[in-house]
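Below: the structure, in structure tokens.
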Amino acid sequence: MSPSLKVSNSSRSQVSEFILLGFPGIHSWQHWLSVPLALLYLSAIGANILILVTICQDPSLKQPMYLFLGILSVVDMGLATTIMPKILAIFWFNAKVISLPECFAQIYAIHCFVGMESGIFLCMAFDRYVAICHPLHYAAIVTNSLILKATVFMVLRNGLFVIPVPVLAAQRNYCSKNEIEHCLCSNLGVTSLACDDRWENSICQLVLAWLGMGSDLGLIILSYALILHSVLRLNSAEAVSKALGTCSSHLILILFFYTVVVVLSVTHLAETKTMLIPVLLNVLHNVIPPSLNPMVYALRTKELREGFQRLFRSGLQKK
């Protein structure tokens, strides 16, 4: 069945499906991008599974910092899986058609997982703040109970918080165009096809972004400002280096995650005519962090590297 526009004689009727065209301006050769995207996806799934198995198998990694990292790995895999199978299906099998319910479900899942990733970054920043600024009270404050409550709160907050985004998108009237110049269902990309006014959707997404990820980023900045103030008061250069070293990997990931979010927001607000760059950034923002996070932590965290080595040695001994 060829993707076609399904509209009745009534101008108020809804289209029955959307068509995801892929990357704007490069439709003729975009399938070549499937190889690096597939490799990124496989590396993200494989690396995050390795981290989860290592944390579960190694008793020395049953610490809050690594438990939060394990939760981040689950969120990363969920985020990448939300978009990559459909993108690869578009490139490999020309499966461009997506039903309206599937499209709105993808909008919900993307916003939910991105919000949860932001929330987990905040939890990890709080963990580092307590460990460095209040080390004597760390074990009493950051308990398994706190980790469970924080995780449940982040799941509920983002699961409920983003519901208005797909709900408002579904209430728009899609009566003419149904071709989306994108590889995934983004809220602004979908609602730009609506025949009626979409200002409610734009305002809703902006407000939710500021209340959700904006507040997370503000608290993360506050946490690291307090950490920096506490670290600079230390007399030992070795202690300062060790304290900053435990935060460096986290800061690298936060910098990349929120920088791309800000760039995407600016390009959407500016309504730039060069759509390829924001679309490409949008896709990469959902697949690079899941593959980048495990690599950064593996390279910069000695305990995790040692956990990998013990896991591999254990596997070789069983053989």
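In the structure tokens, chains take the letters A, B, ... in the order shown, each chain's residues start at 1, and ligands count up from 1 in the order shown.
Within range 15-226 of chain A, DSSP applied to the backbone places the following residues in strand (DSSP E or B): Glu17, Phe18, Ile19, Leu20, Val97, Ile98, Ser99, Glu179 and Ile180 of chain A.
When the distance limit is 12 Å and only C-alpha atoms are what count, the residues near Lys96 in chain A, minus those fewer than 6 positions from it on the same chain, are Met1, Ser2, Pro3, Ser4, Glu17, Phe18, Ile19, Leu20, Leu21, Gly22, Phe23, His27, Pro85, Lys86, Ile87, Leu88, Ala89, Ile90, Cys103, Asn178, Glu179, Ile180, Glu181, His182, Cys183, Leu184 and Cys185 of chain A.
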At a cut-off of 7 Å, using only C-alpha atoms, what residues contact range 214-224 of chain A? Leave out same-chain residues fewer than 4 positions from it and give the result as a PyMOL selection string. chain A and resi 118-119+122+125-126+129+209-210+228
Would you save the residues from that selection as a compact mmCIF listing (two decimals), in the first residue's frame, using all heavy atoms?
# COMPACT_ATOMS: atom_id res chain seq x y z
N SER A 118 16.43 13.68 32.53
CA SER A 118 16.74 14.94 33.22
C SER A 118 16.59 14.76 34.73
O SER A 118 17.44 15.22 35.51
CB SER A 118 15.81 16.05 32.72
OG SER A 118 16.00 17.24 33.45
N GLY A 119 15.54 14.07 35.15
CA GLY A 119 15.31 13.84 36.58
C GLY A 119 16.39 12.98 37.22
O GLY A 119 16.82 13.24 38.35
N LEU A 122 19.41 14.95 37.89
CA LEU A 122 19.24 15.73 39.11
C LEU A 122 19.51 14.87 40.34
O LEU A 122 20.19 15.31 41.28
CB LEU A 122 17.82 16.30 39.18
CG LEU A 122 17.42 17.01 40.48
CD1 LEU A 122 18.36 18.18 40.77
CD2 LEU A 122 15.97 17.48 40.41
N ALA A 125 23.17 14.43 40.71
CA ALA A 125 23.81 15.66 41.20
C ALA A 125 23.61 15.79 42.70
O ALA A 125 24.54 16.18 43.43
CB ALA A 125 23.22 16.87 40.48
N PHE A 126 22.42 15.47 43.18
CA PHE A 126 22.16 15.51 44.62
C PHE A 126 23.03 14.50 45.37
O PHE A 126 23.57 14.80 46.44
CB PHE A 126 20.68 15.21 44.89
CG PHE A 126 20.33 15.11 46.35
CD1 PHE A 126 20.24 16.24 47.14
CD2 PHE A 126 20.12 13.87 46.94
CE1 PHE A 126 19.93 16.15 48.51
CE2 PHE A 126 19.82 13.76 48.29
CZ PHE A 126 19.72 14.90 49.07
N TYR A 129 26.43 15.94 45.63
CA TYR A 129 26.42 17.06 46.59
C TYR A 129 26.53 16.54 48.02
O TYR A 129 27.35 17.03 48.82
CB TYR A 129 25.15 17.89 46.41
CG TYR A 129 24.84 18.77 47.60
CD1 TYR A 129 25.58 19.91 47.86
CD2 TYR A 129 23.80 18.43 48.47
CE1 TYR A 129 25.30 20.71 48.97
CE2 TYR A 129 23.52 19.22 49.58
CZ TYR A 129 24.27 20.36 49.82
OH TYR A 129 24.00 21.14 50.93
N ALA A 209 8.36 22.35 29.62
CA ALA A 209 9.83 22.24 29.54
C ALA A 209 10.50 23.08 30.62
O ALA A 209 11.45 22.63 31.27
CB ALA A 209 10.30 22.67 28.15
N TRP A 210 10.00 24.31 30.83
CA TRP A 210 10.59 25.18 31.85
C TRP A 210 10.31 24.65 33.26
O TRP A 210 11.20 24.68 34.13
CB TRP A 210 10.06 26.60 31.71
CG TRP A 210 10.79 27.39 30.67
CD1 TRP A 210 10.35 27.74 29.44
CD2 TRP A 210 12.12 27.92 30.78
NE1 TRP A 210 11.32 28.44 28.76
CE2 TRP A 210 12.42 28.57 29.56
CE3 TRP A 210 13.10 27.89 31.78
CZ2 TRP A 210 13.64 29.20 29.31
CZ3 TRP A 210 14.32 28.53 31.53
CH2 TRP A 210 14.57 29.16 30.32
N LEU A 228 31.31 23.10 44.22
CA LEU A 228 32.51 23.88 43.89
C LEU A 228 32.94 24.75 45.07
O LEU A 228 34.14 24.85 45.39
CB LEU A 228 32.24 24.74 42.66
CG LEU A 228 33.42 25.57 42.13
CD1 LEU A 228 34.56 24.65 41.70
CD2 LEU A 228 32.97 26.44 40.97
As a count of residues only, please: every residue in range 29-177 of chain A that DSSP puts in alpha helix (DSSP H). 117
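Counting only C-alpha atoms and comparing A:Met295, A:Ala109, A:Val261, A:Ala225, the residue that lies closest to Cys133 in chain A is A:Ala225.
Of the residues listed (A:Leu304, A:Leu211, A:Val283, A:Val15), A:Val15 shows the shortest atom-to-atom separation from Tyr174 in chain A; distances use only C-alpha atoms.
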Who sits within 12 Å of Ile252 in chain A, only C-alpha atoms, same chain under 4 positions skipped, as a VMD selection string: chain A and resid 121 245 to 248 256 to 259 289 292 to 293 295 to 297 300
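For the set A:Asn286, A:Ala170, A:His134, A:Asp196, the residue with the smallest atom-to-atom gap to Leu226 in chain A is A:His134, counting only C-alpha atoms.
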For each of A:Cys175, A:Val167, A:Leu253, A:Leu67, take the minimum atom-to-atom distance to Asn201 in chain A, counting only C-alpha atoms, then give the residue where this is smallest. A:Val167
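Near Leu208 in chain A, within 10 Å and counting only C-alpha atoms, sit Gly115, Phe161, Val162, Pro164, Val165, Ile203, Cys204, Gln205, Leu206, Trp210, Leu211, Gly212, Met213 and Gly214 of chain A; same-chain residues fewer than 2 positions away were not included.
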Kindly save the residues from that selection, with all heavy atoms included, as a CSV table (one decimal), in the first residue's frame.
chain,number,residue,atom,x,y,z
A,115,GLY,N,12.3,13.6,30.0
A,115,GLY,CA,12.1,14.1,31.3
A,115,GLY,C,12.7,13.3,32.4
A,115,GLY,O,13.2,13.8,33.4
A,161,PHE,N,3.2,14.3,34.0
A,161,PHE,CA,3.5,15.7,33.6
A,161,PHE,C,3.3,16.0,32.1
A,161,PHE,O,2.9,17.0,31.7
A,161,PHE,CB,4.9,16.0,34.1
A,161,PHE,CG,5.1,17.5,34.3
A,161,PHE,CD1,4.3,18.2,35.2
A,161,PHE,CD2,6.1,18.2,33.7
A,161,PHE,CE1,4.5,19.5,35.5
A,161,PHE,CE2,6.4,19.5,33.9
A,161,PHE,CZ,5.5,20.2,34.8
A,162,VAL,N,3.7,15.0,31.3
A,162,VAL,CA,3.8,15.2,29.9
A,162,VAL,C,2.5,14.8,29.1
A,162,VAL,O,2.4,14.9,27.9
A,162,VAL,CB,5.0,14.5,29.2
A,162,VAL,CG1,6.3,14.9,29.8
A,162,VAL,CG2,4.8,13.0,29.3
A,164,PRO,N,-0.4,16.2,28.9
A,164,PRO,CA,-1.1,17.2,28.1
A,164,PRO,C,-0.5,17.4,26.7
A,164,PRO,O,-1.2,17.9,25.8
A,164,PRO,CB,-0.9,18.5,28.9
A,164,PRO,CG,-0.7,18.0,30.3
A,164,PRO,CD,0.0,16.7,30.2
A,165,VAL,N,0.8,17.1,26.5
A,165,VAL,CA,1.4,17.3,25.2
A,165,VAL,C,0.8,16.5,24.1
A,165,VAL,O,0.3,17.0,23.1
A,165,VAL,CB,3.0,17.1,25.3
A,165,VAL,CG1,3.6,17.2,23.9
A,165,VAL,CG2,3.6,18.0,26.3
A,203,ILE,N,2.7,26.7,23.6
A,203,ILE,CA,2.7,27.2,25.0
A,203,ILE,C,2.8,26.1,26.0
A,203,ILE,O,3.6,26.2,26.9
A,203,ILE,CB,1.5,28.1,25.2
A,203,ILE,CG1,1.5,29.4,24.3
A,203,ILE,CG2,1.5,28.5,26.7
A,203,ILE,CD1,2.7,30.3,24.5
A,204,CYS,N,2.1,25.1,25.8
A,204,CYS,CA,2.1,23.9,26.7
A,204,CYS,C,3.5,23.3,26.8
A,204,CYS,O,4.0,23.1,27.9
A,204,CYS,CB,1.0,22.9,26.3
A,204,CYS,SG,1.1,21.4,27.3
A,205,GLN,N,4.1,23.0,25.6
A,205,GLN,CA,5.4,22.4,25.6
A,205,GLN,C,6.4,23.3,26.2
A,205,GLN,O,7.3,22.9,27.0
A,205,GLN,CB,5.8,22.1,24.2
A,205,GLN,CG,7.2,21.4,24.1
A,205,GLN,CD,7.4,20.7,22.8
A,205,GLN,OE1,6.4,20.2,22.1
A,205,GLN,NE2,8.6,20.6,22.3
A,206,LEU,N,6.3,24.6,26.0
A,206,LEU,CA,7.3,25.6,26.5
A,206,LEU,C,7.2,25.6,28.0
A,206,LEU,O,8.2,25.6,28.8
A,206,LEU,CB,7.1,27.0,25.9
A,206,LEU,CG,8.0,28.1,26.3
A,206,LEU,CD1,9.4,27.7,25.9
A,206,LEU,CD2,7.6,29.4,25.8
A,210,TRP,N,10.0,24.3,30.8
A,210,TRP,CA,10.6,25.2,31.9
A,210,TRP,C,10.3,24.6,33.3
A,210,TRP,O,11.2,24.7,34.1
A,210,TRP,CB,10.1,26.6,31.7
A,210,TRP,CG,10.8,27.4,30.7
A,210,TRP,CD1,10.3,27.7,29.4
A,210,TRP,CD2,12.1,27.9,30.8
A,210,TRP,NE1,11.3,28.4,28.8
A,210,TRP,CE2,12.4,28.6,29.6
A,210,TRP,CE3,13.1,27.9,31.8
A,210,TRP,CZ2,13.6,29.2,29.3
A,210,TRP,CZ3,14.3,28.5,31.5
A,210,TRP,CH2,14.6,29.2,30.3
A,211,LEU,N,9.1,24.1,33.5
A,211,LEU,CA,8.8,23.6,34.8
A,211,LEU,C,9.5,22.3,35.1
A,211,LEU,O,9.9,22.1,36.2
A,211,LEU,CB,7.3,23.4,34.9
A,211,LEU,CG,6.4,24.7,35.0
A,211,LEU,CD1,4.9,24.3,35.0
A,211,LEU,CD2,6.7,25.5,36.2
A,212,GLY,N,9.6,21.5,34.1
A,212,GLY,CA,10.3,20.2,34.3
A,212,GLY,C,11.8,20.2,34.2
A,212,GLY,O,12.5,20.3,35.2
A,213,MET,N,12.3,20.2,33.0
A,213,MET,CA,13.8,20.2,32.8
A,213,MET,C,14.4,21.5,33.2
A,213,MET,O,15.6,21.5,33.6
A,213,MET,CB,14.1,19.9,31.3
A,213,MET,CG,13.8,18.5,30.9
A,213,MET,SD,14.5,18.0,29.3
A,213,MET,CE,13.3,18.9,28.3
A,214,GLY,N,13.7,22.6,33.1
A,214,GLY,CA,14.2,23.9,33.5
A,214,GLY,C,14.5,23.9,35.0
A,214,GLY,O,15.6,24.4,35.5
List the neighbours of Cys112 in chain A out to 7 Å using only C-alpha atoms; skip same-chain residues closer than 4 positions along the sequence, and give me the result as JSON, numbers by chain. {"A": [108, 116, 158, 159, 162]}
Write out, as a PDB file, in the first residue's frame, the residues just selected, with N, CA, C and O atoms.
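To be explicit, this is the file written out as selection-v5.pdb:
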ATOM      1  N   TYR A 108       4.390  11.024  23.367  1.00  0.00           N
ATOM      2  CA  TYR A 108       4.342  10.855  24.830  1.00  0.00           C
ATOM      3  C   TYR A 108       5.598  10.161  25.347  1.00  0.00           C
ATOM      4  O   TYR A 108       6.210  10.617  26.322  1.00  0.00           O
ATOM      5  N   MET A 116      12.534  11.950  32.241  1.00  0.00           N
ATOM      6  CA  MET A 116      13.085  11.045  33.253  1.00  0.00           C
ATOM      7  C   MET A 116      14.606  11.093  33.269  1.00  0.00           C
ATOM      8  O   MET A 116      15.233  11.032  34.332  1.00  0.00           O
ATOM      9  N   ASN A 158       7.127  12.499  35.507  1.00  0.00           N
ATOM     10  CA  ASN A 158       7.228  12.637  34.057  1.00  0.00           C
ATOM     11  C   ASN A 158       6.137  11.863  33.323  1.00  0.00           C
ATOM     12  O   ASN A 158       5.700  12.282  32.252  1.00  0.00           O
ATOM     13  N   GLY A 159       5.685  10.756  33.923  1.00  0.00           N
ATOM     14  CA  GLY A 159       4.615   9.999  33.296  1.00  0.00           C
ATOM     15  C   GLY A 159       3.313  10.789  33.248  1.00  0.00           C
ATOM     16  O   GLY A 159       2.551  10.702  32.278  1.00  0.00           O
ATOM     17  N   VAL A 162       3.705  14.971  31.303  1.00  0.00           N
ATOM     18  CA  VAL A 162       3.750  15.204  29.859  1.00  0.00           C
ATOM     19  C   VAL A 162       2.467  14.789  29.144  1.00  0.00           C
ATOM     20  O   VAL A 162       2.367  14.930  27.917  1.00  0.00           O
TER      21      VAL A 162
END
I'd like the neighbourhood of Ser34 in chain A as a PyMOL selection string, where a residue qualifies if any of its atoms comes within 10 Å (using only C-alpha atoms), though same-chain residues fewer than 2 positions away should be ignored. chain A and resi 30-32+36-40+84+87-92
Using N, CA, C and O atoms, can you export the residues from the last selection as a PDB file, in the first residue's frame?
ATOM      1  N   GLN A  30      19.390   9.309   2.233  1.00  0.00           N
ATOM      2  CA  GLN A  30      19.360   9.242   3.695  1.00  0.00           C
ATOM      3  C   GLN A  30      19.501   7.814   4.233  1.00  0.00           C
ATOM      4  O   GLN A  30      19.875   7.625   5.398  1.00  0.00           O
ATOM      5  N   HIS A  31      19.205   6.806   3.378  1.00  0.00           N
ATOM      6  CA  HIS A  31      19.313   5.422   3.852  1.00  0.00           C
ATOM      7  C   HIS A  31      20.742   5.067   4.261  1.00  0.00           C
ATOM      8  O   HIS A  31      20.952   4.136   5.044  1.00  0.00           O
ATOM      9  N   TRP A  32      21.736   5.803   3.717  1.00  0.00           N
ATOM     10  CA  TRP A  32      23.121   5.544   4.114  1.00  0.00           C
ATOM     11  C   TRP A  32      23.357   5.894   5.583  1.00  0.00           C
ATOM     12  O   TRP A  32      24.291   5.374   6.204  1.00  0.00           O
ATOM     13  N   PRO A  36      25.398   4.164  10.485  1.00  0.00           N
ATOM     14  CA  PRO A  36      25.893   4.731  11.752  1.00  0.00           C
ATOM     15  C   PRO A  36      24.811   4.801  12.832  1.00  0.00           C
ATOM     16  O   PRO A  36      25.116   4.598  14.019  1.00  0.00           O
ATOM     17  N   LEU A  37      23.558   5.055  12.455  1.00  0.00           N
ATOM     18  CA  LEU A  37      22.489   5.114  13.451  1.00  0.00           C
ATOM     19  C   LEU A  37      22.244   3.732  14.062  1.00  0.00           C
ATOM     20  O   LEU A  37      22.025   3.608  15.275  1.00  0.00           O
ATOM     21  N   ALA A  38      22.280   2.696  13.231  1.00  0.00           N
ATOM     22  CA  ALA A  38      22.102   1.335  13.746  1.00  0.00           C
ATOM     23  C   ALA A  38      23.246   0.947  14.677  1.00  0.00           C
ATOM     24  O   ALA A  38      23.030   0.311  15.721  1.00  0.00           O
ATOM     25  N   LEU A  39      24.477   1.334  14.312  1.00  0.00           N
ATOM     26  CA  LEU A  39      25.629   1.041  15.171  1.00  0.00           C
ATOM     27  C   LEU A  39      25.522   1.773  16.503  1.00  0.00           C
ATOM     28  O   LEU A  39      25.841   1.215  17.564  1.00  0.00           O
ATOM     29  N   LEU A  40      25.067   3.047  16.457  1.00  0.00           N
ATOM     30  CA  LEU A  40      24.860   3.802  17.697  1.00  0.00           C
ATOM     31  C   LEU A  40      23.817   3.131  18.580  1.00  0.00           C
ATOM     32  O   LEU A  40      23.980   3.021  19.792  1.00  0.00           O
ATOM     33  N   MET A  84      14.387   4.435  17.490  1.00  0.00           N
ATOM     34  CA  MET A  84      15.290   3.827  16.514  1.00  0.00           C
ATOM     35  C   MET A  84      14.664   2.718  15.674  1.00  0.00           C
ATOM     36  O   MET A  84      14.909   2.657  14.457  1.00  0.00           O
ATOM     37  N   ILE A  87      12.790   4.425  12.883  1.00  0.00           N
ATOM     38  CA  ILE A  87      13.690   5.120  11.955  1.00  0.00           C
ATOM     39  C   ILE A  87      14.366   4.120  11.019  1.00  0.00           C
ATOM     40  O   ILE A  87      14.447   4.338   9.802  1.00  0.00           O
ATOM     41  N   LEU A  88      14.859   3.009  11.572  1.00  0.00           N
ATOM     42  CA  LEU A  88      15.508   1.995  10.739  1.00  0.00           C
ATOM     43  C   LEU A  88      14.513   1.344   9.783  1.00  0.00           C
ATOM     44  O   LEU A  88      14.865   0.996   8.650  1.00  0.00           O
ATOM     45  N   ALA A  89      13.253   1.191  10.215  1.00  0.00           N
ATOM     46  CA  ALA A  89      12.222   0.645   9.333  1.00  0.00           C
ATOM     47  C   ALA A  89      11.949   1.586   8.163  1.00  0.00           C
ATOM     48  O   ALA A  89      11.711   1.144   7.031  1.00  0.00           O
ATOM     49  N   ILE A  90      12.007   2.895   8.421  1.00  0.00           N
ATOM     50  CA  ILE A  90      11.821   3.884   7.351  1.00  0.00           C
ATOM     51  C   ILE A  90      12.947   3.762   6.327  1.00  0.00           C
ATOM     52  O   ILE A  90      12.715   3.751   5.114  1.00  0.00           O
ATOM     53  N   PHE A  91      14.176   3.665   6.806  1.00  0.00           N
ATOM     54  CA  PHE A  91      15.329   3.627   5.912  1.00  0.00           C
ATOM     55  C   PHE A  91      15.450   2.293   5.168  1.00  0.00           C
ATOM     56  O   PHE A  91      15.817   2.260   3.993  1.00  0.00           O
ATOM     57  N   TRP A  92      15.166   1.185   5.844  1.00  0.00           N
ATOM     58  CA  TRP A  92      15.403  -0.140   5.267  1.00  0.00           C
ATOM     59  C   TRP A  92      14.201  -0.698   4.499  1.00  0.00           C
ATOM     60  O   TRP A  92      14.373  -1.393   3.506  1.00  0.00           O
TER      61      TRP A  92
END
Pairwise distance, CA of Ile26 in chain A with CA of Gly189 in chain A, equals 17.5 Å
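Distances to Gln57 in chain A were evaluated for A:Lys318, A:Leu311, A:Gln171, A:Ala131 using only C-alpha atoms, and the minimum falls at A:Leu311.
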